[in-house]
>>> print(open('protein.txt').read())   # compact mmCIF, C-alpha atoms and all ligand atoms
# COMPACT_ATOMS: atom_id res chain seq x y z
CA PRO I 190 -2.65 -20.97 6.57
CA ALA I 191 0.24 -21.94 8.88
CA ARG I 192 0.68 -25.67 9.35
CA SER I 193 2.45 -27.72 11.99
CA PRO I 194 5.54 -29.28 10.31
CA ALA I 195 5.07 -32.36 12.52
CA PHE I 196 2.04 -33.34 10.45
CA GLN I 197 3.60 -32.81 7.04
CA ASN I 198 5.23 -36.20 6.52
CA SER I 199 3.55 -38.48 9.00
CA PRO I 200 -0.04 -39.06 7.97
CA THR I 201 0.17 -42.67 9.15
CA LEU I 202 0.70 -41.53 12.74
CA LEU I 203 -2.40 -39.43 12.61
CA PHE I 204 -4.64 -41.79 10.71
CA PRO I 205 -3.74 -45.43 11.43
CA HIS I 206 -6.26 -47.00 9.01
CA PHE I 207 -5.28 -44.81 6.13
CA MET I 208 -4.67 -47.62 3.58
CA ASN I 209 -8.34 -48.68 3.91
CA VAL I 210 -10.81 -46.42 2.16
CA ALA I 211 -14.50 -46.57 1.34
CA VAL I 212 -16.16 -45.00 -1.69
CA ILE I 213 -19.89 -44.30 -1.56
CA GLY I 214 -21.65 -44.48 -4.93
CA SER I 215 -20.59 -46.61 -7.89
CA GLY I 216 -21.58 -44.28 -10.75
CA THR I 217 -19.13 -42.62 -13.15
CA MET I 218 -17.26 -40.67 -10.46
CA GLY I 219 -17.45 -43.33 -7.73
CA ASN I 220 -16.10 -46.14 -9.90
CA GLY I 221 -13.31 -43.88 -11.19
CA ILE I 222 -12.31 -42.89 -7.64
CA ALA I 223 -12.38 -46.54 -6.47
CA HIS I 224 -10.29 -47.51 -9.53
CA VAL I 225 -7.58 -44.92 -8.76
CA PHE I 226 -7.33 -45.75 -5.04
CA ALA I 227 -7.16 -49.51 -5.70
CA GLN I 228 -4.57 -49.02 -8.45
CA HIS I 229 -2.37 -47.15 -5.96
CA GLY I 230 -2.41 -49.89 -3.32
CA PHE I 231 -5.38 -48.95 -1.15
CA SER I 232 -7.97 -51.53 -0.04
CA VAL I 233 -11.26 -50.12 -1.28
CA SER I 234 -14.80 -50.81 -0.08
CA LEU I 235 -17.11 -49.73 -2.91
CA ILE I 236 -20.59 -49.09 -1.49
CA ASP I 237 -23.90 -48.63 -3.31
CA ILE I 238 -27.52 -49.45 -2.51
CA SER I 239 -27.81 -51.66 -5.59
CA GLN I 240 -25.77 -54.82 -6.19
CA PRO I 241 -26.40 -54.71 -9.98
CA ALA I 242 -24.95 -51.15 -9.99
CA LEU I 243 -21.88 -52.43 -8.12
CA ASP I 244 -21.48 -55.28 -10.63
CA ARG I 245 -21.70 -52.79 -13.52
CA ALA I 246 -19.10 -50.59 -11.78
CA LEU I 247 -16.66 -53.51 -11.51
CA GLY I 248 -17.23 -54.16 -15.23
CA THR I 249 -16.42 -50.50 -16.03
CA ILE I 250 -13.29 -50.54 -13.85
CA THR I 251 -12.12 -53.75 -15.56
CA LYS I 252 -12.69 -52.19 -18.99
CA ASN I 253 -10.78 -49.02 -18.01
CA LEU I 254 -7.91 -51.08 -16.55
CA ASP I 255 -7.82 -53.03 -19.83
CA ARG I 256 -7.33 -49.72 -21.71
CA GLN I 257 -4.33 -49.00 -19.47
CA VAL I 258 -2.93 -52.52 -20.04
CA ALA I 259 -3.45 -52.20 -23.82
CA LYS I 260 -1.26 -49.09 -23.95
CA ALA I 261 1.33 -50.63 -21.56
CA ALA I 262 0.57 -48.11 -18.79
CA LEU I 263 -0.22 -51.03 -16.45
CA SER I 264 0.87 -54.68 -16.28
CA GLU I 265 -1.59 -57.58 -16.32
CA ASP I 266 -0.41 -58.45 -12.76
CA ASP I 267 -1.12 -54.90 -11.54
CA LYS I 268 -4.56 -55.09 -13.09
CA THR I 269 -5.29 -58.34 -11.22
CA ALA I 270 -3.92 -56.89 -7.96
CA THR I 271 -6.01 -53.72 -8.42
CA LEU I 272 -9.21 -55.73 -8.87
CA GLY I 273 -8.23 -57.86 -5.84
CA ARG I 274 -8.18 -54.75 -3.65
CA LEU I 275 -11.83 -53.90 -4.43
CA THR I 276 -14.70 -55.27 -2.30
CA THR I 277 -18.34 -54.30 -2.82
CA TYR I 278 -20.96 -53.66 -0.12
CA THR I 279 -24.62 -52.67 -0.11
CA SER I 280 -24.47 -51.58 3.55
CA ILE I 281 -22.73 -48.39 4.69
CA ALA I 282 -22.27 -49.78 8.23
CA GLU I 283 -20.40 -52.85 6.94
CA GLY I 284 -18.47 -51.07 4.20
CA VAL I 285 -16.99 -48.30 6.37
CA ALA I 286 -15.88 -50.52 9.27
CA GLY I 287 -12.15 -49.98 9.88
CA VAL I 288 -11.53 -47.39 7.14
CA GLY I 289 -9.41 -44.25 7.54
CA LEU I 290 -11.12 -42.30 4.77
CA VAL I 291 -14.53 -42.28 3.12
CA VAL I 292 -15.04 -40.53 -0.23
CA GLU I 293 -18.71 -39.90 -0.92
CA ALA I 294 -19.62 -39.76 -4.63
CA ALA I 295 -23.39 -40.27 -4.52
CA THR I 296 -25.91 -38.40 -6.68
CA GLU I 297 -25.60 -34.61 -6.42
CA ASN I 298 -28.61 -34.11 -4.13
CA VAL I 299 -28.29 -32.13 -0.89
CA ASP I 300 -30.75 -34.12 1.23
CA LEU I 301 -29.26 -37.44 0.11
CA LYS I 302 -25.73 -36.28 0.92
CA LEU I 303 -26.74 -34.96 4.35
CA GLN I 304 -28.39 -38.31 5.15
CA ILE I 305 -25.31 -40.23 3.98
CA PHE I 306 -23.01 -38.07 6.14
CA ARG I 307 -25.20 -38.63 9.22
CA GLU I 308 -24.79 -42.38 8.63
CA LEU I 309 -21.06 -42.09 7.95
CA ASP I 310 -20.62 -40.15 11.18
CA GLN I 311 -22.44 -42.92 13.03
CA PHE I 312 -20.64 -45.91 11.49
CA ALA I 313 -17.15 -44.82 10.34
CA PRO I 314 -14.28 -45.01 12.89
CA ALA I 315 -14.05 -41.86 15.05
CA ASP I 316 -10.69 -40.89 13.52
CA ALA I 317 -11.81 -41.40 9.90
CA ILE I 318 -11.84 -38.47 7.46
CA LEU I 319 -15.14 -37.99 5.64
CA ALA I 320 -14.66 -36.49 2.16
CA SER I 321 -17.23 -35.53 -0.44
CA ASN I 322 -16.69 -35.46 -4.21
CA THR I 323 -19.48 -32.88 -4.52
CA SER I 324 -19.09 -30.46 -7.42
CA SER I 325 -21.00 -27.62 -5.79
CA ILE I 326 -22.72 -28.47 -2.48
CA SER I 327 -21.26 -26.63 0.52
CA ILE I 328 -18.72 -28.72 2.50
CA THR I 329 -19.51 -26.57 5.55
CA LYS I 330 -23.19 -27.52 5.31
CA ILE I 331 -22.37 -31.22 4.94
CA ALA I 332 -19.86 -31.07 7.85
CA ALA I 333 -22.44 -29.44 10.11
CA VAL I 334 -24.61 -32.60 10.23
CA THR I 335 -21.67 -34.58 11.70
CA LYS I 336 -20.04 -34.47 15.12
CA ARG I 337 -16.61 -34.23 13.46
CA PRO I 338 -16.76 -31.17 11.15
CA GLN I 339 -12.97 -30.75 11.51
CA GLN I 340 -12.60 -34.12 9.68
CA VAL I 341 -14.97 -33.30 6.80
CA ILE I 342 -13.42 -32.05 3.53
CA GLY I 343 -14.06 -31.86 -0.22
CA MET I 344 -12.12 -34.12 -2.60
CA HIS I 345 -13.39 -33.04 -6.01
CA PHE I 346 -12.08 -35.38 -8.70
CA MET I 347 -12.57 -34.63 -12.40
CA ASN I 348 -14.12 -36.92 -15.01
CA PRO I 349 -12.64 -39.24 -16.31
CA VAL I 350 -11.02 -39.80 -12.91
CA PRO I 351 -8.25 -42.21 -14.03
CA VAL I 352 -7.08 -39.64 -16.61
CA MET I 353 -7.55 -36.18 -15.09
CA LYS I 354 -4.71 -35.00 -12.83
CA LEU I 355 -6.57 -32.55 -10.61
CA VAL I 356 -8.09 -33.05 -7.16
CA GLU I 357 -9.71 -29.85 -5.93
CA VAL I 358 -9.33 -30.12 -2.14
CA ILE I 359 -12.01 -28.00 -0.46
CA ARG I 360 -11.65 -26.81 3.11
CA GLY I 361 -14.95 -26.32 4.90
CA TYR I 362 -15.30 -23.65 7.60
CA ALA I 363 -14.16 -26.09 10.31
CA THR I 364 -11.78 -28.41 8.39
CA SER I 365 -8.51 -28.77 10.34
CA ASP I 366 -5.03 -28.11 8.96
CA ALA I 367 -3.99 -31.70 9.77
CA VAL I 368 -6.87 -33.19 7.80
CA THR I 369 -6.21 -30.86 4.86
CA THR I 370 -2.52 -31.78 4.83
CA HIS I 371 -3.35 -35.48 4.97
CA VAL I 372 -5.79 -35.26 2.06
CA MET I 373 -3.31 -33.23 -0.01
CA ASP I 374 -0.63 -35.91 0.63
CA LEU I 375 -3.07 -38.71 -0.12
CA SER I 376 -4.02 -37.10 -3.44
CA ARG I 377 -0.33 -37.00 -4.41
CA GLN I 378 -0.07 -40.71 -3.53
CA LEU I 379 -2.77 -41.26 -6.17
CA GLY I 380 -0.56 -39.57 -8.78
CA LYS I 381 -2.80 -36.48 -8.75
CA THR I 382 -2.05 -32.81 -8.23
CA PRO I 383 -4.15 -31.45 -5.37
CA THR I 384 -5.15 -27.79 -5.17
CA GLU I 385 -6.38 -26.33 -1.88
CA VAL I 386 -9.37 -24.00 -2.10
CA ASN I 387 -11.91 -22.56 0.34
CA ASP I 388 -15.56 -23.47 0.53
CA TYR I 389 -17.55 -20.90 -1.47
CA PRO I 390 -20.18 -21.61 -4.16
CA GLY I 391 -18.76 -23.62 -7.07
CA PHE I 392 -15.32 -23.68 -5.38
CA VAL I 393 -12.82 -22.74 -8.13
CA ALA I 394 -13.28 -25.34 -10.90
CA ASN I 395 -16.98 -24.83 -11.50
CA ARG I 396 -17.00 -21.12 -10.65
CA ILE I 397 -14.85 -20.63 -13.72
CA LEU I 398 -15.92 -23.55 -15.95
CA MET I 399 -19.70 -23.13 -15.70
CA PRO I 400 -19.87 -19.45 -16.70
CA MET I 401 -17.82 -20.39 -19.80
CA ILE I 402 -20.24 -23.20 -20.67
CA ASN I 403 -23.23 -20.93 -19.96
CA GLU I 404 -21.76 -18.21 -22.20
CA ALA I 405 -21.30 -20.77 -25.00
CA ILE I 406 -25.00 -21.69 -24.66
CA ILE I 407 -26.01 -17.98 -24.66
CA THR I 408 -23.86 -17.50 -27.79
CA LEU I 409 -25.83 -20.33 -29.46
CA PHE I 410 -29.18 -19.02 -28.10
CA GLU I 411 -28.54 -15.56 -29.51
CA GLY I 412 -27.70 -17.01 -32.92
CA VAL I 413 -24.12 -15.73 -32.99
CA ALA I 414 -22.84 -19.12 -34.21
CA GLY I 415 -23.84 -22.79 -34.44
CA VAL I 416 -22.87 -25.67 -32.13
CA GLU I 417 -19.97 -26.90 -34.24
CA GLU I 418 -18.64 -23.39 -34.84
CA ILE I 419 -18.64 -22.49 -31.13
CA ASP I 420 -16.87 -25.72 -30.19
CA THR I 421 -14.35 -25.42 -33.03
CA VAL I 422 -13.40 -21.89 -31.95
CA MET I 423 -12.69 -23.05 -28.40
CA LYS I 424 -11.01 -26.36 -29.38
CA LEU I 425 -8.70 -25.06 -32.08
CA GLY I 426 -8.44 -21.47 -30.88
CA MET I 427 -7.87 -22.13 -27.18
CA ALA I 428 -6.49 -25.69 -27.28
CA HIS I 429 -9.31 -27.08 -25.13
CA PRO I 430 -9.61 -30.88 -25.55
CA MET I 431 -13.38 -30.55 -25.94
CA GLY I 432 -15.52 -27.56 -26.98
CA PRO I 433 -17.76 -26.12 -24.22
CA LEU I 434 -20.99 -27.54 -25.70
CA GLN I 435 -19.45 -31.00 -26.16
CA LEU I 436 -18.14 -30.78 -22.58
CA ALA I 437 -21.60 -29.76 -21.31
CA ASP I 438 -23.05 -32.90 -22.96
CA PHE I 439 -20.27 -34.98 -21.33
CA ILE I 440 -20.85 -33.50 -17.83
CA GLY I 441 -24.67 -33.66 -18.18
CA LEU I 442 -26.87 -30.63 -18.86
CA ASP I 443 -28.82 -31.24 -15.63
CA VAL I 444 -25.57 -31.13 -13.65
CA CYS I 445 -24.48 -27.91 -15.42
CA LEU I 446 -27.87 -26.32 -14.65
CA ALA I 447 -27.76 -27.39 -10.98
CA ILE I 448 -24.25 -25.94 -10.55
CA LEU I 449 -25.19 -22.66 -12.26
CA ARG I 450 -28.17 -22.35 -9.88
CA VAL I 451 -25.85 -22.82 -6.89
CA LEU I 452 -23.57 -20.07 -8.26
CA HIS I 453 -26.50 -17.76 -9.04
CA GLU I 454 -28.16 -18.17 -5.65
CA GLY I 455 -24.99 -18.42 -3.57
CA LEU I 456 -23.11 -15.49 -5.09
CA GLY I 457 -26.19 -13.36 -5.83
CA ASN I 458 -24.87 -12.03 -9.13
CA PRO I 459 -27.07 -12.02 -12.28
CA LYS I 460 -24.05 -12.93 -14.42
CA TYR I 461 -24.48 -16.55 -13.27
CA ALA I 462 -28.16 -16.81 -14.39
CA PRO I 463 -28.55 -20.01 -16.45
CA CYS I 464 -29.34 -19.49 -20.13
CA PRO I 465 -33.08 -20.12 -20.84
CA LEU I 466 -32.05 -22.59 -23.59
CA LEU I 467 -30.22 -24.72 -21.02
CA VAL I 468 -33.27 -24.64 -18.73
CA ASN I 469 -35.53 -25.71 -21.61
CA MET I 470 -33.25 -28.53 -22.73
CA VAL I 471 -33.13 -29.95 -19.20
CA MET I 472 -36.93 -29.70 -18.88
CA ALA I 473 -37.23 -31.54 -22.21
CA GLY I 474 -35.00 -34.36 -20.92
CA ARG I 475 -32.14 -33.54 -23.31
CA LEU I 476 -29.35 -34.10 -20.84
CA GLY I 477 -26.39 -34.89 -23.12
CA VAL I 478 -24.48 -38.18 -23.34
CA LYS I 479 -26.51 -39.88 -20.57
CA SER I 480 -29.87 -39.33 -22.35
CA GLY I 481 -28.50 -39.88 -25.86
CA GLU I 482 -29.09 -36.29 -26.98
CA GLY I 483 -27.92 -32.82 -25.95
CA PHE I 484 -26.20 -30.31 -28.20
CA TYR I 485 -25.08 -33.40 -30.13
CA GLN I 486 -26.60 -36.83 -30.86
CA HIS I 487 -24.93 -39.62 -28.82
CA THR I 488 -26.05 -42.93 -30.23
N1 LIG O 501 -10.09 -44.71 -17.75
C1 LIG O 501 -8.81 -44.87 -18.11
N2 LIG O 501 -8.27 -44.26 -19.21
C2 LIG O 501 -9.10 -43.47 -19.96
C3 LIG O 501 -10.45 -43.28 -19.64
C4 LIG O 501 -10.94 -43.93 -18.47
N3 LIG O 501 -12.22 -43.77 -18.08
N4 LIG O 501 -11.00 -42.44 -20.55
C5 LIG O 501 -10.03 -42.11 -21.42
N5 LIG O 501 -8.87 -42.74 -21.07
C6 LIG O 501 -7.56 -42.56 -21.69
C7 LIG O 501 -7.44 -43.20 -23.04
O1 LIG O 501 -7.03 -44.55 -22.94
C8 LIG O 501 -6.36 -42.32 -23.68
O2 LIG O 501 -5.06 -42.62 -23.20
P1 LIG O 501 -3.72 -42.32 -24.07
O3 LIG O 501 -3.79 -40.87 -24.48
O4 LIG O 501 -2.60 -42.59 -23.09
O5 LIG O 501 -3.78 -43.27 -25.21
C9 LIG O 501 -6.65 -40.94 -23.14
O6 LIG O 501 -7.37 -41.15 -21.93
C10 LIG O 501 -7.46 -40.13 -24.12
O7 LIG O 501 -8.65 -40.86 -24.44
P2 LIG O 501 -9.24 -41.03 -25.90
O8 LIG O 501 -8.14 -41.10 -26.90
O9 LIG O 501 -10.29 -42.10 -25.87
O10 LIG O 501 -10.09 -39.72 -26.16
P3 LIG O 501 -9.68 -38.20 -26.16
O11 LIG O 501 -8.31 -37.96 -26.65
O12 LIG O 501 -10.83 -37.53 -26.80
O13 LIG O 501 -9.66 -37.83 -24.60
C11 LIG O 501 -10.75 -37.02 -22.68
C12 LIG O 501 -10.79 -38.01 -23.80
C13 LIG O 501 -9.58 -37.33 -21.74
C14 LIG O 501 -12.07 -37.15 -21.93
C15 LIG O 501 -10.52 -35.59 -23.28
O14 LIG O 501 -11.47 -35.33 -24.28
C16 LIG O 501 -10.63 -34.49 -22.25
O15 LIG O 501 -9.68 -34.20 -21.53
N6 LIG O 501 -11.81 -33.85 -22.16
C17 LIG O 501 -12.10 -32.82 -21.18
C18 LIG O 501 -12.39 -33.48 -19.87
C19 LIG O 501 -12.77 -32.50 -18.83
O16 LIG O 501 -12.76 -31.29 -18.99
N7 LIG O 501 -13.14 -33.03 -17.66
C20 LIG O 501 -13.58 -32.23 -16.56
C21 LIG O 501 -15.06 -32.20 -16.61
S1 LIG O 501 -15.69 -31.21 -15.30
C22 LIG O 501 -15.72 -32.28 -14.00
O17 LIG O 501 -15.44 -33.43 -14.06
C23 LIG O 501 -16.08 -31.69 -12.70
C24 LIG O 501 -17.40 -31.11 -12.47
O18 LIG O 501 -17.65 -30.83 -11.33
C25 LIG O 501 -18.40 -30.83 -13.51
>>> encode(input="protein.txt", output="structure tokens", more="lines below")
Ligand code: CAA
Amino acid sequence: PARSPAFQNSPTLLFPHFMNVAVIGSGTMGNGIAHVFAQHGFSVSLIDISQPALDRALGTITKNLDRQVAKAALSEDDKTATLGRLTTYTSIAEGVAGVGLVVEAATENVDLKLQIFRELDQFAPADAILASNTSSISITKIAAVTKRPQQVIGMHFMNPVPVMKLVEVIRGYATSDAVTTHVMDLSRQLGKTPTEVNDYPGFVANRILMPMINEAIITLFEGVAGVEEIDTVMKLGMAHPMGPLQLADFIGLDVCLAILRVLHEGLGNPKYAPCPLLVNMVMAGRLGVKSGEGFYQHT
């Protein structure tokens, strides 16, 4: 879409608080997103309902910064400065005061996200951008519960956030050009490569990734090959860093199933139907790395 050139290089004029950001949710994605913003000079409010979860998140960020220091990708001083830019909150109202951007990375649950966005709309400054890291929930639906749908956008980071270069920037039905441009620029400031996509089920990343993972599970289910064989073909044959079954364990089988259901329902095509083996494994509580067992043992 056509953009006003006036907005291209002056995000600060549009969004005065843009160096202050809040991240909602301190799990794997939230702590990675907070890490990357803080490392690139932003003051970050990390918000979660549980203080012990926030303390664990700070521990994880410290450990991941230590990995960067160990391989000389970061100095000890930069590590200290990064940690100094992180503040934790258990209240949304307090944590989002004075921020220019909120990135929501709470659990992938529609009702929870809608409730969070109602609160963000109430408490974040009127000019703040509200972004969601959702992997498959509609940005348009989330935006519709706020009074500022033009300022609601998807910022879909990949796991592990400090390592992966992509930010999938998702424009909802009402997202403005100025907000999209700002979020694209901001993603570049984080050392990432942003890619602009429109808001349809699964966006681009999961619309393509999840059918591949599902097909790998169907290949196993039909007895064509074993777990190791399927992953070896894709790792060594296609130069993927992880095989699809190993990646499914890493993402979480429950998350894969939820995304496939969004694709199946939202696009109405039987090719997205989740493999019955995946459904059974999730029902049995075999969720991959997080439960200790999926296609592989993780102990
Ligand atoms: N923080 C900082 N650095 C980290 C890190 C973290 N959390 N995790 C790994 N690293 C660094 C390591 O220090 C290492 O750095 P160097 O290469 O500079 O030494 C590098 O990343 C590789 O790590 P390892 O050597 O420990 O392990 P690896 O070579 O097996 O790589 C991996 C790990 C990067 C995860 C790699 O296996 C990979 O790219 N896997 C695929 C990841 C992927 O596809 N992610 C997308 C998932 S889908 C998603 O997120 C979205 C969704 O909606 C489902």
>>> residues_near_ligand(input="protein.txt", ligand="ligand LIG 501 (chain O)", cutoff="6 Å", atoms="only C-alpha atoms and all ligand atoms", output="list in words")
Asn253, Arg256, Ser324, Met347, Asn348, Pro349, Pro351, Val352, Pro430, Met431 and Ile440 of chain I
>>> residues_around(input="protein.txt", residues="region 280-284 of chain I", least_positions_apart="3", cutoff="9 Å", atoms="only C-alpha atoms", output="ChimeraX atom specification")
/I:211-213,234-238,276-277,287-288,305,308-309,311-313
>>> residues_around(input="protein.txt", residues="Thr251 (chain I)", least_positions_apart="5", cutoff="12 Å", atoms="all atoms listed in the file", output="list in words")
Asn220, Gly221, Ala223, His224, Ala227, Gln228, Asp244, Arg245, Ala246, Arg256, Gln257, Val258, Glu265, Asp267, Lys268, Thr269, Ala270, Thr271, Leu272, Gly273 and Leu275 of chain I
>>> residues_around(input="protein.txt", residues="region 290-298 of chain I", least_positions_apart="2", cutoff="6 Å", atoms="all atoms listed in the file", output="ChimeraX atom specification")
/I:210-214,219,288,300-301,317-322
>>> residues_around(input="protein.txt", residues="region 362-374 of chain I", least_positions_apart="3", cutoff="6 Å", atoms="all atoms listed in the file", output="count of residues only")
7
>>> residues_around(input="protein.txt", residues="Leu436 (chain I)", least_positions_apart="3", cutoff="12 Å", atoms="only C-alpha atoms", output="PDB file with C-alpha atoms, keeping the file's coordinate frame")
ATOM      1  CA  ASN I 348     -14.120 -36.920 -15.010  1.00  0.00           C
ATOM      2  CA  PRO I 349     -12.640 -39.240 -16.310  1.00  0.00           C
ATOM      3  CA  LEU I 398     -15.920 -23.550 -15.950  1.00  0.00           C
ATOM      4  CA  MET I 399     -19.700 -23.130 -15.700  1.00  0.00           C
ATOM      5  CA  MET I 401     -17.820 -20.390 -19.800  1.00  0.00           C
ATOM      6  CA  ILE I 402     -20.240 -23.200 -20.670  1.00  0.00           C
ATOM      7  CA  ASN I 403     -23.230 -20.930 -19.960  1.00  0.00           C
ATOM      8  CA  ALA I 405     -21.300 -20.770 -25.000  1.00  0.00           C
ATOM      9  CA  ILE I 406     -25.000 -21.690 -24.660  1.00  0.00           C
ATOM     10  CA  VAL I 416     -22.870 -25.670 -32.130  1.00  0.00           C
ATOM     11  CA  ILE I 419     -18.640 -22.490 -31.130  1.00  0.00           C
ATOM     12  CA  ASP I 420     -16.870 -25.720 -30.190  1.00  0.00           C
ATOM     13  CA  MET I 423     -12.690 -23.050 -28.400  1.00  0.00           C
ATOM     14  CA  LYS I 424     -11.010 -26.360 -29.380  1.00  0.00           C
ATOM     15  CA  HIS I 429      -9.310 -27.080 -25.130  1.00  0.00           C
ATOM     16  CA  PRO I 430      -9.610 -30.880 -25.550  1.00  0.00           C
ATOM     17  CA  MET I 431     -13.380 -30.550 -25.940  1.00  0.00           C
ATOM     18  CA  GLY I 432     -15.520 -27.560 -26.980  1.00  0.00           C
ATOM     19  CA  PRO I 433     -17.760 -26.120 -24.220  1.00  0.00           C
ATOM     20  CA  PHE I 439     -20.270 -34.980 -21.330  1.00  0.00           C
ATOM     21  CA  ILE I 440     -20.850 -33.500 -17.830  1.00  0.00           C
ATOM     22  CA  GLY I 441     -24.670 -33.660 -18.180  1.00  0.00           C
ATOM     23  CA  LEU I 442     -26.870 -30.630 -18.860  1.00  0.00           C
ATOM     24  CA  VAL I 444     -25.570 -31.130 -13.650  1.00  0.00           C
ATOM     25  CA  CYS I 445     -24.480 -27.910 -15.420  1.00  0.00           C
ATOM     26  CA  LEU I 476     -29.350 -34.100 -20.840  1.00  0.00           C
ATOM     27  CA  GLY I 477     -26.390 -34.890 -23.120  1.00  0.00           C
ATOM     28  CA  VAL I 478     -24.480 -38.180 -23.340  1.00  0.00           C
ATOM     29  CA  GLY I 483     -27.920 -32.820 -25.950  1.00  0.00           C
ATOM     30  CA  PHE I 484     -26.200 -30.310 -28.200  1.00  0.00           C
ATOM     31  CA  TYR I 485     -25.080 -33.400 -30.130  1.00  0.00           C
TER      32      TYR I 485
END
>>> atom_distance(input="protein.txt", atom1="CA of Ser376 (chain I)", atom2="CA of Val233 (chain I)")
15.1 Å
>>> closest_residue(input="protein.txt", among="I:Thr323, I:Asn395, I:Asn209, I:Ser232", to="Leu452 (chain I)", atoms="all atoms listed in the file")
I:Asn395
>>> closest_residue(input="protein.txt", among="I:Ala428, I:Leu449, I:Val422, I:Val225", to="Lys381 (chain I)", atoms="all atoms listed in the file")
I:Val225
>>> atom_distance(input="protein.txt", atom1="CA of Glu454 (chain I)", atom2="CA of Pro400 (chain I)")
13.9 Å
>>> atom_distance(input="protein.txt", atom1="CA of Pro465 (chain I)", atom2="CA of Ser480 (chain I)")
19.5 Å
>>> closest_residue(input="protein.txt", among="I:Asp316, I:Asp255, I:Glu385, I:Glu404", to="Lys460 (chain I)", atoms="all atoms listed in the file")
I:Glu404
>>> closest_residue(input="protein.txt", among="I:Ile342, I:Asp443, I:Arg475, I:Gly391", to="Tyr461 (chain I)", atoms="all atoms listed in the file")
I:Gly391
>>> closest_residue(input="protein.txt", among="I:Ala447, I:Ala259, I:Leu303, I:Val386", to="Val471 (chain I)", atoms="only C-alpha atoms")
I:Ala447
>>> closest_residue(input="protein.txt", among="I:Thr408, I:Ser325, I:Asn469, I:Gln378", to="Leu434 (chain I)", atoms="only C-alpha atoms")
I:Thr408
>>> decode(input="protein.txt", residues="region 226-273 of chain I", atoms="C-alpha atoms", output="PDB file, in the first residue's frame")
ATOM      1  CA  PHE I 226      14.206  -4.605  23.408  1.00  0.00           C
ATOM      2  CA  ALA I 227      16.328  -3.970  26.526  1.00  0.00           C
ATOM      3  CA  GLN I 228      19.508  -5.038  24.713  1.00  0.00           C
ATOM      4  CA  HIS I 229      18.763  -2.443  22.012  1.00  0.00           C
ATOM      5  CA  GLY I 230      18.382   0.475  24.421  1.00  0.00           C
ATOM      6  CA  PHE I 231      14.662   0.465  25.196  1.00  0.00           C
ATOM      7  CA  SER I 232      13.342   0.805  28.764  1.00  0.00           C
ATOM      8  CA  VAL I 233      11.191  -2.266  29.248  1.00  0.00           C
ATOM      9  CA  SER I 234       8.343  -2.882  31.697  1.00  0.00           C
ATOM     10  CA  LEU I 235       7.934  -6.662  31.923  1.00  0.00           C
ATOM     11  CA  ILE I 236       4.435  -7.453  33.210  1.00  0.00           C
ATOM     12  CA  ASP I 237       3.012 -10.741  34.500  1.00  0.00           C
ATOM     13  CA  ILE I 238       0.408 -11.678  37.086  1.00  0.00           C
ATOM     14  CA  SER I 239       2.952 -13.693  39.075  1.00  0.00           C
ATOM     15  CA  GLN I 240       6.069 -12.221  40.709  1.00  0.00           C
ATOM     16  CA  PRO I 241       7.798 -15.658  40.872  1.00  0.00           C
ATOM     17  CA  ALA I 242       7.268 -15.968  37.082  1.00  0.00           C
ATOM     18  CA  LEU I 243       8.848 -12.527  36.616  1.00  0.00           C
ATOM     19  CA  ASP I 244      11.808 -13.536  38.795  1.00  0.00           C
ATOM     20  CA  ARG I 245      12.269 -16.720  36.738  1.00  0.00           C
ATOM     21  CA  ALA I 246      12.103 -14.629  33.534  1.00  0.00           C
ATOM     22  CA  LEU I 247      14.879 -12.327  34.768  1.00  0.00           C
ATOM     23  CA  GLY I 248      16.937 -15.445  35.550  1.00  0.00           C
ATOM     24  CA  THR I 249      16.390 -16.750  31.993  1.00  0.00           C
ATOM     25  CA  ILE I 250      17.292 -13.386  30.441  1.00  0.00           C
ATOM     26  CA  THR I 251      20.478 -13.249  32.550  1.00  0.00           C
ATOM     27  CA  LYS I 252      21.410 -16.790  31.448  1.00  0.00           C
ATOM     28  CA  ASN I 253      20.797 -15.943  27.763  1.00  0.00           C
ATOM     29  CA  LEU I 254      22.805 -12.705  28.065  1.00  0.00           C
ATOM     30  CA  ASP I 255      25.617 -14.764  29.625  1.00  0.00           C
ATOM     31  CA  ARG I 256      25.623 -17.005  26.510  1.00  0.00           C
ATOM     32  CA  GLN I 257      26.085 -13.877  24.381  1.00  0.00           C
ATOM     33  CA  VAL I 258      28.895 -12.609  26.648  1.00  0.00           C
ATOM     34  CA  ALA I 259      30.596 -16.037  26.583  1.00  0.00           C
ATOM     35  CA  LYS I 260      30.844 -15.945  22.781  1.00  0.00           C
ATOM     36  CA  ALA I 261      31.902 -12.238  22.790  1.00  0.00           C
ATOM     37  CA  ALA I 262      28.685 -11.106  21.088  1.00  0.00           C
ATOM     38  CA  LEU I 263      28.026  -8.755  24.030  1.00  0.00           C
ATOM     39  CA  SER I 264      30.252  -7.012  26.590  1.00  0.00           C
ATOM     40  CA  GLU I 265      29.827  -7.440  30.346  1.00  0.00           C
ATOM     41  CA  ASP I 266      28.944  -3.697  30.529  1.00  0.00           C
ATOM     42  CA  ASP I 267      26.218  -4.091  27.892  1.00  0.00           C
ATOM     43  CA  LYS I 268      24.829  -7.044  29.808  1.00  0.00           C
ATOM     44  CA  THR I 269      24.635  -4.944  33.004  1.00  0.00           C
ATOM     45  CA  ALA I 270      23.062  -2.024  31.109  1.00  0.00           C
ATOM     46  CA  THR I 271      20.518  -4.368  29.477  1.00  0.00           C
ATOM     47  CA  LEU I 272      19.439  -5.775  32.846  1.00  0.00           C
ATOM     48  CA  GLY I 273      19.269  -2.195  34.212  1.00  0.00           C
TER      49      GLY I 273
END
